[in-house]
Structure formats: C-alpha cells, structure tokens
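Peer 1: I'm passing along upload_4.txt; it holds compact mmCIF, C-alpha atoms.
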# COMPACT_ATOMS: atom_id res chain seq x y z
CA MET A 1 189.11 195.68 173.29
CA LYS A 2 186.40 197.74 171.60
CA THR A 3 186.81 198.75 167.97
CA CYS A 4 186.26 202.16 166.42
CA LEU A 5 186.14 203.00 162.72
CA VAL A 6 187.31 206.55 162.03
CA VAL A 7 185.86 207.91 158.79
CA ASP A 8 187.26 211.24 157.60
CA ASP A 9 188.80 212.43 154.35
CA SER A 10 191.48 214.38 156.23
CA SER A 11 194.43 212.22 157.21
CA VAL A 12 195.36 214.77 159.87
CA VAL A 13 191.95 214.47 161.54
CA ARG A 14 192.13 210.67 161.33
CA LYS A 15 195.56 210.73 162.99
CA ILE A 16 194.39 212.99 165.84
CA ALA A 17 191.25 210.92 166.36
CA ARG A 18 193.29 207.70 166.33
CA ARG A 19 195.63 209.00 169.01
CA ILE A 20 192.72 210.06 171.24
CA LEU A 21 190.77 206.82 170.73
CA GLU A 22 193.81 204.60 171.32
CA GLY A 23 194.26 206.53 174.56
CA LEU A 24 190.70 205.47 175.42
CA GLU A 25 191.72 201.87 174.62
CA PHE A 26 189.99 201.44 171.29
CA GLN A 27 191.35 199.42 168.43
CA VAL A 28 191.15 201.85 165.53
CA THR A 29 190.64 201.34 161.80
CA GLU A 30 190.47 204.20 159.30
CA ALA A 31 188.56 204.96 156.12
CA GLU A 32 188.86 208.06 153.92
CA ASP A 33 185.28 208.09 152.62
CA GLY A 34 181.86 206.51 153.18
CA SER A 35 182.31 203.93 150.45
CA LYS A 36 185.58 202.56 151.88
CA ALA A 37 183.98 202.61 155.35
CA LEU A 38 181.04 200.57 154.08
CA GLU A 39 183.39 197.92 152.63
CA ILE A 40 185.02 197.58 156.05
CA CYS A 41 181.63 197.32 157.75
CA GLN A 42 180.47 194.63 155.31
CA ARG A 43 183.41 192.50 156.43
CA GLN A 44 183.10 193.30 160.14
CA LEU A 45 181.05 195.83 162.05
CA PRO A 46 182.92 197.97 164.61
CA ASP A 47 181.59 198.89 168.06
CA ALA A 48 181.79 202.59 167.24
CA VAL A 49 182.03 204.84 164.19
CA LEU A 50 183.45 208.35 164.41
CA LEU A 51 181.99 209.83 161.26
CA ASP A 52 182.70 212.94 159.21
CA TRP A 53 179.85 214.30 157.08
CA ASN A 54 181.32 215.83 153.93
CA MET A 55 183.60 213.44 152.06
CA PRO A 56 184.21 212.56 148.41
CA VAL A 57 182.65 209.44 146.81
CA MET A 58 180.11 208.80 149.59
CA ASP A 59 179.31 211.20 152.43
CA GLY A 60 178.87 210.23 156.06
CA PHE A 61 175.10 210.50 156.12
CA GLU A 62 174.66 208.20 153.15
CA PHE A 63 177.17 205.74 154.61
CA MET A 64 175.22 205.63 157.88
CA GLY A 65 172.01 204.75 156.00
CA HIS A 66 173.70 201.82 154.23
CA MET A 67 175.44 200.62 157.38
CA ARG A 68 172.28 200.68 159.47
CA ARG A 69 170.61 198.37 156.91
CA LEU A 70 173.38 195.72 157.15
CA PRO A 71 172.62 192.67 159.30
CA GLY A 72 173.48 193.82 162.84
CA GLY A 73 173.98 197.34 161.50
CA ASP A 74 171.79 198.79 164.24
CA GLN A 75 174.44 197.85 166.81
CA PRO A 76 177.42 200.20 166.23
CA LYS A 77 177.28 203.56 168.01
CA VAL A 78 177.60 206.29 165.43
CA VAL A 79 179.13 209.57 166.59
CA PHE A 80 179.18 212.25 163.93
CA CYS A 81 182.23 214.51 163.97
CA THR A 82 181.84 217.33 161.49
CA THR A 83 182.12 221.05 160.84
CA GLU A 84 178.38 221.04 160.01
CA ASN A 85 177.25 222.70 163.24
CA ASN A 86 173.69 223.82 162.56
CA VAL A 87 170.46 222.52 164.03
CA ALA A 88 169.19 221.22 160.66
CA HIS A 89 172.20 218.93 160.15
CA ILE A 90 172.16 217.70 163.75
CA ALA A 91 168.45 216.91 163.57
CA GLN A 92 168.93 215.10 160.25
CA ALA A 93 171.79 213.02 161.67
CA LEU A 94 169.82 212.03 164.78
CA SER A 95 166.69 211.07 162.87
CA GLY A 96 168.91 209.12 160.44
CA GLY A 97 170.23 206.95 163.26
CA ALA A 98 173.22 208.79 164.78
CA ASN A 99 173.77 208.30 168.52
CA GLU A 100 175.82 211.41 169.24
CA TYR A 101 177.15 214.43 167.43
CA ILE A 102 180.41 216.32 167.73
CA MET A 103 180.87 219.74 166.18
CA LYS A 104 184.45 220.33 165.05
CA PRO A 105 186.87 221.41 166.34
CA PHE A 106 187.02 218.63 168.92
CA ASP A 107 189.47 217.56 171.60
CA LYS A 108 190.06 214.55 173.84
CA ASP A 109 187.60 215.76 176.50
CA ILE A 110 184.75 216.13 174.02
CA ILE A 111 185.35 212.70 172.47
CA ALA A 112 185.57 211.09 175.91
CA ASP A 113 182.38 212.85 177.07
CA LYS A 114 180.42 211.86 173.97
CA PHE A 115 181.67 208.28 174.00
CA ALA A 116 180.74 208.00 177.68
CA GLU A 117 177.33 209.46 176.85
CA VAL A 118 176.50 206.55 174.52
CA GLY A 119 178.01 203.94 176.84
CA LEU A 120 181.16 203.18 174.85
CA ILE A 121 183.41 203.98 177.81
CA PRO A 122 182.67 204.18 181.54
CA VAL A 123 181.74 207.64 182.81
CA GLY A 124 184.77 207.83 185.10
CA GLN A 125 187.13 207.62 182.15
CA ALA A 126 185.65 210.79 180.70
CA MET A 127 186.77 212.71 183.76
CA VAL A 128 190.55 212.53 183.30
CA MET B 1 207.15 235.88 191.37
CA THR B 2 209.21 236.21 194.56
CA PRO B 3 208.41 234.06 197.63
CA THR B 4 207.36 237.24 199.47
CA GLU B 5 204.89 238.14 196.73
CA TYR B 6 203.52 234.60 196.73
CA GLU B 7 203.07 234.63 200.49
CA TYR B 8 201.34 237.99 200.30
CA LEU B 9 198.91 236.71 197.64
CA ARG B 10 198.23 233.52 199.59
CA LYS B 11 197.33 235.48 202.69
CA PHE B 12 195.39 238.02 200.67
CA LEU B 13 193.25 235.31 199.05
CA LYS B 14 192.72 233.53 202.34
CA ASP B 15 191.50 236.74 203.98
CA ASN B 16 189.34 237.93 201.10
CA SER B 17 187.81 234.73 199.76
CA GLY B 18 188.72 231.88 202.11
CA LEU B 19 190.68 230.33 199.25
CA ASP B 20 193.44 228.26 200.84
CA LEU B 21 196.33 227.76 198.40
CA SER B 22 199.05 225.30 199.27
CA ALA B 23 202.69 226.40 199.09
CA ASP B 24 203.18 225.13 195.52
CA LYS B 25 200.44 226.91 193.56
CA GLN B 26 202.63 229.58 191.95
CA TYR B 27 201.68 228.36 188.47
CA LEU B 28 197.98 228.77 189.26
CA ILE B 29 198.49 232.34 190.44
CA GLU B 30 200.61 233.17 187.41
CA SER B 31 198.20 231.63 184.89
CA ARG B 32 195.22 233.44 186.38
CA LEU B 33 196.68 236.75 187.48
CA LEU B 34 199.18 237.57 184.74
CA PRO B 35 196.44 238.11 182.11
CA LEU B 36 194.53 240.18 184.66
CA ALA B 37 197.60 242.30 185.44
CA ARG B 38 198.21 242.91 181.73
CA LYS B 39 194.57 243.85 181.20
CA ALA B 40 194.86 246.39 184.00
CA GLY B 41 197.95 247.88 182.29
CA LEU B 42 200.37 246.58 184.90
CA SER B 43 203.80 245.13 184.13
CA GLY B 44 203.34 241.90 186.07
CA ILE B 45 202.65 240.20 189.39
CA ALA B 46 205.02 242.48 191.30
CA GLU B 47 203.15 245.61 190.31
CA LEU B 48 199.82 243.87 190.93
CA VAL B 49 200.89 243.08 194.49
CA GLN B 50 201.90 246.73 194.99
CA LYS B 51 198.47 247.89 193.85
CA LEU B 52 196.72 245.39 196.14
CA GLN B 53 198.86 246.59 199.05
CA GLY B 54 197.79 250.10 198.12
CA GLY B 55 194.19 248.96 198.63
CA SER B 56 192.78 249.21 195.08
CA ARG B 57 189.15 248.07 195.56
CA THR B 58 188.36 247.13 191.97
CA LEU B 59 191.59 245.18 191.68
CA ILE B 60 190.84 243.29 194.90
CA THR B 61 187.50 242.12 193.47
CA ASP B 62 189.08 241.19 190.13
CA VAL B 63 191.84 239.16 191.76
CA VAL B 64 189.41 237.25 193.99
CA GLU B 65 187.16 236.51 191.01
CA ALA B 66 190.01 235.39 188.78
CA MET B 67 191.34 233.01 191.42
CA THR B 68 188.04 231.46 192.47
CA THR B 69 186.49 230.80 189.06
CA ASN B 70 186.50 227.13 188.19
CA GLU B 71 186.07 224.98 185.17
CA THR B 72 182.56 223.66 184.99
CA PHE B 73 180.47 221.73 182.52
CA PHE B 74 177.00 220.31 182.10
CA PHE B 75 176.10 217.26 184.21
CA ARG B 76 179.59 217.35 185.70
CA ASP B 77 180.51 213.91 187.12
CA LYS B 78 177.08 212.59 186.03
CA VAL B 79 176.50 210.52 189.21
CA PRO B 80 175.11 213.42 191.31
CA PHE B 81 172.51 214.08 188.63
CA ASP B 82 171.56 210.39 188.52
CA HIS B 83 171.12 210.60 192.31
CA PHE B 84 169.07 213.74 191.87
CA ARG B 85 166.74 212.13 189.35
CA ASP B 86 166.50 208.61 190.80
CA HIS B 87 166.76 209.15 194.54
CA ILE B 88 166.45 212.75 195.71
CA MET B 89 163.51 213.95 193.61
CA PRO B 90 161.33 210.83 194.08
CA GLU B 91 161.72 211.27 197.86
CA VAL B 92 161.07 215.00 197.69
CA ILE B 93 157.98 214.46 195.52
CA LYS B 94 156.64 212.01 198.10
CA ALA B 95 157.53 214.14 201.13
CA ARG B 96 156.22 217.43 199.67
CA ALA B 97 153.11 216.01 198.01
CA ALA B 98 150.85 218.23 200.12
CA ARG B 99 152.85 221.42 199.68
CA ARG B 100 153.82 220.77 196.04
CA SER B 101 156.89 222.95 196.15
CA VAL B 102 160.61 222.31 196.14
CA ARG B 103 163.51 224.67 196.83
CA ILE B 104 166.98 223.90 195.49
CA TRP B 105 170.18 225.82 196.12
CA CYS B 106 173.28 225.62 193.94
CA ALA B 107 175.81 227.12 196.33
CA ALA B 108 178.58 227.30 193.74
CA GLY B 109 176.48 227.88 190.65
CA SER B 110 179.40 229.29 188.68
CA THR B 111 178.61 229.96 185.00
CA GLY B 112 175.25 228.18 185.23
CA GLN B 113 175.96 224.67 183.93
CA GLU B 114 175.02 223.04 187.23
CA PRO B 115 171.74 224.87 187.88
CA TYR B 116 170.73 224.47 184.23
CA SER B 117 171.57 220.76 184.39
CA LEU B 118 169.22 220.48 187.38
CA ALA B 119 166.56 222.46 185.52
CA MET B 120 166.86 220.05 182.58
CA CYS B 121 166.56 217.05 184.94
CA LEU B 122 163.39 218.56 186.39
CA LYS B 123 161.95 219.25 182.93
CA GLU B 124 162.65 215.65 181.94
CA MET B 125 160.52 214.49 184.90
CA GLY B 126 157.57 216.00 183.10
CA ALA B 127 154.16 215.20 184.56
CA ALA B 128 155.47 214.22 188.01
CA LEU B 129 156.06 217.92 188.73
CA THR B 130 153.03 219.44 187.00
CA GLY B 131 151.53 222.11 189.21
CA TRP B 132 154.60 222.24 191.47
CA ARG B 133 156.41 225.41 192.44
CA VAL B 134 160.07 224.80 191.68
CA GLU B 135 162.68 227.28 192.90
CA ILE B 136 166.35 227.00 192.00
CA ILE B 137 168.64 229.58 193.56
CA ALA B 138 172.11 229.72 192.06
CA THR B 139 174.71 231.70 193.95
CA ASP B 140 178.30 232.51 193.19
CA LEU B 141 180.98 234.78 194.55
CA SER B 142 181.71 236.34 191.20
CA GLN B 143 179.42 238.91 189.60
CA GLU B 144 181.00 238.34 186.19
CA VAL B 145 180.29 234.61 186.39
CA LEU B 146 176.70 235.29 187.47
CA GLU B 147 176.11 237.52 184.46
CA LYS B 148 177.21 234.70 182.20
CA ALA B 149 174.97 232.23 184.05
CA LYS B 150 172.01 234.60 183.76
CA ALA B 151 172.49 235.04 179.99
CA GLY B 152 172.76 231.27 179.56
CA ILE B 153 174.90 231.63 176.44
CA TYR B 154 177.59 229.02 175.87
CA SER B 155 180.27 228.43 173.27
CA GLN B 156 180.20 225.42 170.97
CA PHE B 157 183.00 223.99 173.08
CA GLU B 158 181.07 224.40 176.34
CA VAL B 159 177.86 222.76 175.09
CA GLN B 160 179.83 219.70 174.06
CA ARG B 161 181.11 219.02 177.56
CA GLY B 162 178.74 216.68 179.39
CA LEU B 163 175.61 217.66 177.51
CA PRO B 164 173.94 214.93 175.44
CA ILE B 165 173.17 216.09 171.91
CA GLN B 166 169.42 215.44 172.38
CA MET B 167 169.42 217.84 175.36
CA LEU B 168 171.22 220.47 173.29
CA MET B 169 168.59 220.17 170.57
CA LYS B 170 165.72 220.21 173.04
CA TYR B 171 166.71 222.98 175.43
CA PHE B 172 169.00 225.35 173.50
CA LYS B 173 168.70 227.76 170.64
CA GLN B 174 171.59 228.32 168.26
CA ILE B 175 172.68 231.95 167.96
CA GLY B 176 175.51 232.23 165.44
CA GLU B 177 178.40 230.24 166.86
CA THR B 178 176.90 230.13 170.35
CA TRP B 179 174.02 228.35 172.04
CA GLN B 180 171.55 229.89 174.47
CA ILE B 181 169.44 227.92 176.91
CA ASN B 182 165.67 228.36 176.45
CA PRO B 183 163.87 231.18 178.28
CA GLU B 184 161.64 228.65 180.04
CA LEU B 185 164.66 227.09 181.75
CA ARG B 186 166.30 230.44 182.40
CA ALA B 187 163.14 231.52 184.19
CA MET B 188 163.45 228.57 186.61
CA ILE B 189 166.61 229.98 188.15
CA GLN B 190 167.31 232.99 190.36
CA HIS B 191 170.92 234.11 190.29
CA ARG B 192 172.39 235.84 193.33
CA GLN B 193 175.80 237.06 194.33
CA LEU B 194 176.96 235.42 197.54
CA ASN B 195 180.19 234.77 199.40
CA LEU B 196 179.88 231.52 201.37
CA LEU B 197 182.06 233.06 204.09
CA HIS B 198 179.28 235.54 204.80
CA ASP B 199 175.89 234.98 206.38
CA PHE B 200 173.43 233.23 204.05
CA ALA B 201 170.49 232.74 206.41
CA GLN B 202 168.42 235.19 204.32
CA LEU B 203 168.21 232.62 201.52
CA GLY B 204 165.77 230.59 203.62
CA THR B 205 165.45 226.83 203.90
CA PHE B 206 166.05 224.30 201.11
CA ASP B 207 165.04 220.74 200.28
CA VAL B 208 168.21 220.17 198.28
CA ILE B 209 171.60 221.90 198.44
CA PHE B 210 174.24 221.31 195.78
CA CYS B 211 177.56 222.55 197.14
CA ARG B 212 180.08 220.93 194.86
CA ASN B 213 183.75 221.57 194.21
CA VAL B 214 183.96 224.76 196.21
CA LEU B 215 184.75 223.60 199.76
CA ILE B 216 187.93 221.90 198.53
CA TYR B 217 189.45 225.37 198.35
CA PHE B 218 188.75 226.18 202.00
CA ASP B 219 190.73 225.27 205.09
CA GLN B 220 189.31 222.88 207.66
CA ASP B 221 187.87 225.46 210.08
CA THR B 222 186.14 227.30 207.25
CA LYS B 223 184.69 224.04 205.94
CA ILE B 224 183.32 223.15 209.37
CA ASN B 225 181.85 226.62 209.74
CA ILE B 226 180.14 226.41 206.34
CA PHE B 227 178.77 222.90 206.98
CA ASN B 228 177.30 224.04 210.27
CA ARG B 229 175.63 227.02 208.63
CA LEU B 230 174.41 224.91 205.68
CA ALA B 231 172.78 222.59 208.21
CA ARG B 232 170.60 225.47 209.37
CA GLN B 233 169.38 226.15 205.81
CA ILE B 234 168.34 222.59 205.02
CA GLU B 235 165.05 220.85 205.78
CA PRO B 236 165.41 217.99 208.30
CA ASP B 237 164.63 215.51 205.50
CA GLY B 238 166.61 217.43 202.86
CA PHE B 239 169.69 216.45 200.88
CA LEU B 240 173.18 217.88 200.63
CA VAL B 241 175.25 217.04 197.55
CA LEU B 242 179.02 217.49 197.66
CA GLY B 243 181.76 217.13 195.04
CA ALA B 244 183.61 213.88 194.42
CA ALA B 245 186.65 215.03 196.43
CA GLU B 246 184.65 216.40 199.36
CA THR B 247 183.14 214.92 202.52
CA VAL B 248 181.73 215.86 205.91
CA VAL B 249 183.32 212.82 207.52
CA GLY B 250 185.74 213.82 210.27
CA LEU B 251 184.66 217.46 210.08
CA THR B 252 181.12 217.75 211.39
CA ASP B 253 178.25 215.75 212.87
CA THR B 254 175.64 217.97 211.25
CA PHE B 255 175.44 215.73 208.17
CA ARG B 256 175.84 212.01 207.56
CA PRO B 257 176.71 210.25 204.30
CA ILE B 258 174.03 208.12 202.65
CA PRO B 259 175.51 204.65 202.17
CA GLU B 260 175.93 203.49 198.56
CA ARG B 261 175.28 206.99 197.23
CA ARG B 262 178.59 208.76 196.83
CA GLY B 263 178.46 212.50 197.44
CA LEU B 264 175.00 212.44 199.01
CA TYR B 265 174.38 213.53 202.63
CA LYS B 266 171.43 213.92 204.99
CA PRO B 267 171.29 216.34 207.89
CA ASN B 268 171.44 214.81 211.34
CA ASP B 269 168.90 215.79 213.96
CA PRO B 270 168.35 219.55 213.51
CA ARG B 271 168.43 220.26 217.26
CA ALA B 272 171.91 218.80 217.42
CA ALA B 273 172.90 220.69 214.30
CA ALA B 274 171.63 223.96 215.74
CA ALA B 275 173.38 223.37 219.06
CA LYS B 276 176.71 222.52 217.53
CA PRO B 277 178.19 225.88 216.55
CA ALA B 278 177.33 227.51 219.86
CA LEU B 279 179.10 224.85 221.89
CA ALA B 280 182.73 223.90 222.19
CA GLY B 281 184.73 220.79 223.02
CA ALA B 282 182.85 217.63 223.96
CA ALA B 283 179.46 219.24 224.31
CA PRO B 284 178.34 219.04 220.65
CA ARG B 285 178.92 215.31 220.55
CA MET B 286 176.66 214.93 223.60
CA ALA B 287 174.07 217.09 221.92
CA VAL B 288 174.14 214.85 218.88
CA MET B 289 173.66 211.76 221.00
CA ALA B 290 170.88 213.38 222.99
CA GLY B 291 169.17 214.26 219.75
CA ARG B 292 168.97 210.70 218.52
Could you write out this structure as structure tokens?
Peer 2:
Amino acid sequence: MKTCLVVDDSSVVRKIARRILEGLEFQVTEAEDGSKALEICQRQLPDAVLLDWNMPVMDGFEFMGHMRRLPGGDQPKVVFCTTENNVAHIAQALSGGANEYIMKPFDKDIIADKFAEVGLIPVGQAMV
Amino acid sequence: MTPTEYEYLRKFLKDNSGLDLSADKQYLIESRLLPLARKAGLSGIAELVQKLQGGSRTLITDVVEAMTTNETFFFRDKVPFDHFRDHIMPEVIKARAARRSVRIWCAAGSTGQEPYSLAMCLKEMGAALTGWRVEIIATDLSQEVLEKAKAGIYSQFEVQRGLPIQMLMKYFKQIGETWQINPELRAMIQHRQLNLLHDFAQLGTFDVIFCRNVLIYFDQDTKINIFNRLARQIEPDGFLVLGAAETVVGLTDTFRPIPERRGLYKPNDPRAAAAKPALAGAAPRMAVMAGR
C-alpha cells in the first residue's frame, strides 16, 4: 500500500483529503504544518505528499526544500494543494521540485487525475 | 414527468438529434431540462412538452443542445492521446512526408478540450512537424458549445481535469479566475457546427478522425450509417479513434480494429467501404472479400 502525507493546517481539509486518498488505497498520515511534516519525513519518507502552501511555523514551500535535501528526498511525489492559484506561485513550486499542483477547491476527480498524472495511481483509476 | 411526456421527449430527441435514450433516463431529462424550462419561464417539463408540441423552434434547438452536451476534459482517457503521439502521428509523418500536411477531424469536439489536447500533442512534437500544414477541424452539434470551444476559456476546475500542470503553464494564460488557451493553439483549430446525422462530405478527407463518446448515444442503424459515411471521409491509410465504450465490431466492415491498440481503427479497402452503403443483404460482405 502506498503512503501519502497530508500537510494542511485545516483539520477539515485534512479529513476530506484523507477520505479521498483512502478511497484511492493510500495509507494516510497527517501533519498540521511544514515543521511537523519534516519530522515525519525524517523518520520515514512517504510515497506522496499532498502539500498546502500557507501554514504557521513552516510553510509548504520551505518544507519541500528541506525534504528534497533529505537522503532519498528526491523520491516522494509532491502535489501542492493550495488556494495560491497564480502563475508566479505555480512556477515557483515547480522549479522548487513540486511534481503537480492543485488549486483549491479540489475534489476526488482532481486528486485522482493529478495523482495519475505523476504515476501514483494507474490511469484507469482516475476515470471512476 | 408522466410516462406520456417521457415517451414524447424520447421520440422527439431521437427524431431531432439521433439521441437514443433507454426507458429509464427520466433523471437525465429532468436534470438537463428542468433548468432550461425554468430559464425559459416555464413551470416545468409538462409545459416544456406543450411548447415543443406547439413547434417552438428556439426551444427545439435548446432542448437538443441541453440533452446532447457531455462532460469532457483534457486528454480524456489518456490512452487515445498516447496512441496519437506514439503510433498515429509517426505513421502519418512517414506516409505524408512528401505532402507535409495532415488533416484531423474531431467529430464531437464539444467544448474544445479534445481538439486542444491534440493541438498540444502536436506542439510537443516540435521539430518533427516544422514546415507542415496542420489542420484540425472540430465539429459539434451545439452552437453554444462551439462558442466556448472557440474562446478557449476554461474554469479553474476544468483546467485541473486531465491537464498536467506543466501544460497549463506552457499553453494557457491566466485571466482572473479563468484560463485561456494561447492564440497560437487556438489558431490551429477550425470550429464548425455539424450534426453527424446530416451529410458531412463537404468537410473533405482526413488522415485522422477522432469520434469519441458520441456514437454511444445513437441506435444501431444510425451508428452503422455514420461509420459508413465516416469511411468515405478517411484516407485509405488513415486512423479512426473511438471512445472506450464504442466499437465497429459487429456493426460494419468498413473499419477494422488495430490489435493491441484499444479504440484505434483502420479503414478496410475503400472500394468495399464505398460499395457497402449502396448494397443490401449479403452483397457488401462479398464486396469486402473481393476488395482484399
């Protein structure tokens, strides 16, 4: 079973994302900011990170930079999931090492499409 | 909705668009036509049916459009576009090397996601198509849908279905909360209004025809008729691409599936294809055999 770390300061968003990702057969862990997420990654890297941008303590972009520098930190697929929906933020995320980018609000179809896009789930599964 | 009203609408849609609804699609009619009825200031389906029976032209068009518009997104089903990039276009580039032109028809172009996906595929091929004349004709029954396709403006929700983020960044421009596809890609596509039930010979001949997720709505005879007419608009070495739930098998000999490539078809011998619609009974089969 693949693992996904959901990083978002909103517990409601984490809950929705968890339900969707468990439906796509991921084992989900949660973190409420970048710093807590980094601690989890230092113990064990997930296969995927669904990552909010703006969070207290450490934001998503900074977290991604730290995670990518961990041993094996180039492996996890990072999918941003944020209300930041402008070209400048998207470009910054991609050049900083993000694999995909979701502009909130999101739903199951968008998550499935984006996860299929980066090879985390088979394409067929995105079609349900 | 009463059974009589439902039966009337079923027959009405069959006659006016070829749409063949099964006996249990009341919910579909209600979800599509109730908003339309309200918009037209009518009380509900019953009054809408009365108006249609009275022969209201604008309402007839609106009802057909509302019922035949489908959900669509970029690179829908993915596989056909992989086929297009890895199999179809390499063969076309080889076969048309002298002529350096390719004609593609999206026969159910809808709101533009499919033709624009093809345009993006072609752009990604880069140098292989330098100096080529590329024509993409996108047709749809609905004028309203064509206008949207032509504008190439999509909501944030729409650009997140099937479209990789790199493609969004490369080929779209953000306008407020919406995204518009670049003028260069828009210029690659000609949008035309067309009902597949009517004659489409004037479109000319194509190297590739995408006709996906539209024939599923037609009854068997209509499907056969459309396949036979599509066969006359396709080059002998061209490609037909159908939707995941569609096939020619058991319906027509004018096309044959390409093994190992789901949804991809080649025309059979054109003489056989041309002979088929004019003949009845066993004769077409003989014509096919004679053509081989």
Peer 1: Taking all atoms listed in the file into account, which of A:Ile110, A:Ile121, A:Ala98, A:Cys4 comes nearest chain B?
Peer 2: A:Ile110
Peer 1: So that I can see what lies close to stretch 158-161 of chain B, please list as a PyMOL selection string the residues with an atom at most 7 Å from it, counting only C-alpha atoms and leaving out residues fewer than 4 positions away in the same chain.
Peer 2: (chain A and resi 110+113) or (chain B and resi 73-74+154)
Peer 1: What separation in Å, quoted to one decimal, exists between atom CA of A:Ala116 and atom CA of A:Ser10?
Peer 2: 24.8 Å
Peer 1: Could you give me, as CSV, a per-residue list for chain B showing, wherever an atom lies at most 8 Å from an atom of chain A, the closest pair of atoms and their distance in Å to one decimal, using only C-alpha atoms and sorting by chain then residue number from low to high?
Peer 2:
residue,atom,partner,partner_atom,distance
B:Asp77,CA,A:Met127,CA,7.2
B:Lys78,CA,A:Val123,CA,7.5
B:Gln156,CA,A:Met103,CA,7.5
B:Phe157,CA,A:Phe106,CA,7.9
B:Gln160,CA,A:Ile110,CA,6.1
B:Arg161,CA,A:Ile110,CA,5.8
B:Gly162,CA,A:Asp113,CA,5.8
B:Pro164,CA,A:Glu117,CA,6.6
B:Ile165,CA,A:Glu100,CA,6.0
B:Met169,CA,A:Val87,CA,7.2
B:Gln174,CA,A:Val87,CA,7.3
Peer 1: Quick one: of A:Arg68, A:Arg43, A:Lys77, A:Arg18, who's nearest to A:Leu120, counting all atoms listed in the file?
Peer 2: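 Smallest distance to A:Leu120 is found for A:Lys77.
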Peer 1: Using all atoms listed in the file, which residues sit within 9 Å of A:Cys41 once same-chain residues fewer than 5 positions away are excluded, as number ranges by chain?
Peer 2: A: 5, 36, 46, 67, 70, 73
Peer 1: Write a file of the selected residues as a PDB file, keeping the file's coordinate frame, keeping C-alpha atoms.
Peer 2:
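Saved file out.pdb follows:
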ATOM      1  CA  LEU A   5     186.140 203.000 162.720  1.00  0.00           C
ATOM      2  CA  LYS A  36     185.580 202.560 151.880  1.00  0.00           C
ATOM      3  CA  PRO A  46     182.920 197.970 164.610  1.00  0.00           C
ATOM      4  CA  MET A  67     175.440 200.620 157.380  1.00  0.00           C
ATOM      5  CA  LEU A  70     173.380 195.720 157.150  1.00  0.00           C
ATOM      6  CA  GLY A  73     173.980 197.340 161.500  1.00  0.00           C
TER       7      GLY A  73
END
Peer 1: Show me, as a PyMOL selection string, the residues that have an atom within 10 Å of A:Gly60 when counting all atoms listed in the file, minus same-chain residues fewer than 3 positions from it.
Peer 2: chain A and resi 7-8+33-35+37+50-56+63-65+80-82+93
Peer 1: Grab the atom CA of B:Glu246 to atom CA of B:Lys123 distance for me, in Å with one decimal place.
Peer 2: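 Atom-to-atom, atom CA of B:Glu246 and atom CA of B:Lys123 are spaced 28.2 Å apart.
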Peer 1: Suppose you want the space between atom CA of A:Thr29 and atom CA of B:Leu163; what is it in Å?
Peer 2: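 Between atom CA of A:Thr29 and atom CA of B:Leu163 the gap works out to 27.2 Å.
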Peer 1: Find, counting all atoms listed in the file, the residue in A:Ser11, A:Lys2, A:Leu38, A:Phe61 that gets nearest to A:Gly119.
Peer 2: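 Answer, going by the shortest atom-to-atom distance: A:Lys2.
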Peer 1: Around the point (178.9, 240.2, 193.8), in the coordinates given by the file, pick out the residues reaching within 6 Å, counting all atoms listed in the file, and return them as a list in words.
Peer 2: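 The requested residues, written out, are Leu141, Ser142, Gln143 and Gln193 of chain B.
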Peer 1: For stretch 42-47 of chain B, please output as a list in words all residues within 7 Å (counting all atoms listed in the file; exclusion window: fewer than 5 positions along the same chain).
Peer 2: Met1, Glu5, Leu34 and Ala37 of chain B
Peer 1: May I have the residues at most 12 Å from (197.8, 244.5, 195.8) in the file's coordinates, counting all atoms listed in the file, as number ranges by chain?
Peer 2: B: 5-6, 8-13, 16, 33, 37, 42, 44-64
Peer 1: At a cut-off of 10 Å, can you tabulate as a Markdown table every residue of stretch 233-273 of chain B near stretch 105-110 of chain B together with its closest atom pair and the distance in Å to one decimal, using only C-alpha atoms and ordering rows by chain then number?
Peer 2:
| residue | atom | partner | partner_atom | distance |
| --- | --- | --- | --- | --- |
| B:Gln233 | CA | B:Trp105 | CA | 9.7 |
| B:Ile234 | CA | B:Trp105 | CA | 9.6 |
| B:Leu240 | CA | B:Trp105 | CA | 9.6 |
| B:Val241 | CA | B:Cys106 | CA | 9.5 |
Peer 1: Have a look at A:Met1, A:Leu24, A:Val12, A:Met58 and name the one nearest to A:Pro122; count all atoms listed in the file.
Peer 2: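 That would be A:Leu24, the residue with the smallest distance to A:Pro122.
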Peer 1: Given the choices A:Val6, A:His89, A:Val79, A:Ser95, which gets closest to A:Phe115 if the distance is worked out from only C-alpha atoms?
Peer 2: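 Ranked by minimum distance to A:Phe115, first place goes to A:Val79.
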Peer 1: Calculated over only C-alpha atoms, which of the candidates B:Val248, B:Met120, B:Ala149, B:Leu203 has the smallest distance to B:Ile216?
Peer 2: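 Of all the options, B:Val248 lies closest to B:Ile216.
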Peer 1: Put the listed atoms of stretch 219-232 of chain B in a box along x, y and z with 6 Å added on every side and give me the centre and edge lengths in Å to one decimal, as lines of an AutoDock Vina configuration file.
Peer 2:
center_x = 180.7
center_y = 224.9
center_z = 207.7
size_x = 32.1
size_y = 16.7
size_z = 17.2
Peer 1: Pick out the residues sitting within 10 Å of B:Arg32, and hand them over as a list in words; count all atoms listed in the file, and ignore anything fewer than 2 positions along from it in its own chain.
Peer 2: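 Everything that qualifies: Tyr27, Leu28, Ile29, Glu30, Leu34, Pro35, Leu36, Ala37, Val63, Glu65, Ala66, Met67, Thr68 and Thr69 of chain B.
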Peer 1: N, CA and C atoms are what I want for stretch 45-55 of chain B; can you complete it accordingly and write them as a compact mmCIF listing (two decimals), in the coordinates of the input?
Peer 2:
# COMPACT_ATOMS: atom_id res chain seq x y z
N ILE B 45 203.14 240.54 188.06
CA ILE B 45 202.65 240.20 189.39
C ILE B 45 203.16 241.20 190.45
N ALA B 46 204.43 241.60 190.30
CA ALA B 46 205.02 242.48 191.30
C ALA B 46 204.22 243.78 191.43
N GLU B 47 203.90 244.35 190.28
CA GLU B 47 203.15 245.61 190.31
C GLU B 47 201.71 245.40 190.81
N LEU B 48 201.16 244.22 190.47
CA LEU B 48 199.82 243.87 190.93
C LEU B 48 199.78 243.82 192.46
N VAL B 49 200.80 243.18 193.03
CA VAL B 49 200.89 243.08 194.49
C VAL B 49 200.98 244.48 195.11
N GLN B 50 201.80 245.35 194.49
CA GLN B 50 201.90 246.73 194.99
C GLN B 50 200.55 247.42 195.03
N LYS B 51 199.80 247.25 193.94
CA LYS B 51 198.47 247.89 193.85
C LYS B 51 197.52 247.34 194.92
N LEU B 52 197.59 246.01 195.13
CA LEU B 52 196.72 245.39 196.14
C LEU B 52 197.08 245.92 197.52
N GLN B 53 198.40 246.07 197.75
CA GLN B 53 198.86 246.59 199.05
C GLN B 53 198.40 248.03 199.22
N GLY B 54 198.29 248.73 198.08
CA GLY B 54 197.79 250.10 198.12
C GLY B 54 196.29 250.18 198.34
N GLY B 55 195.62 249.01 198.29
CA GLY B 55 194.19 248.96 198.63
C GLY B 55 193.24 249.25 197.48
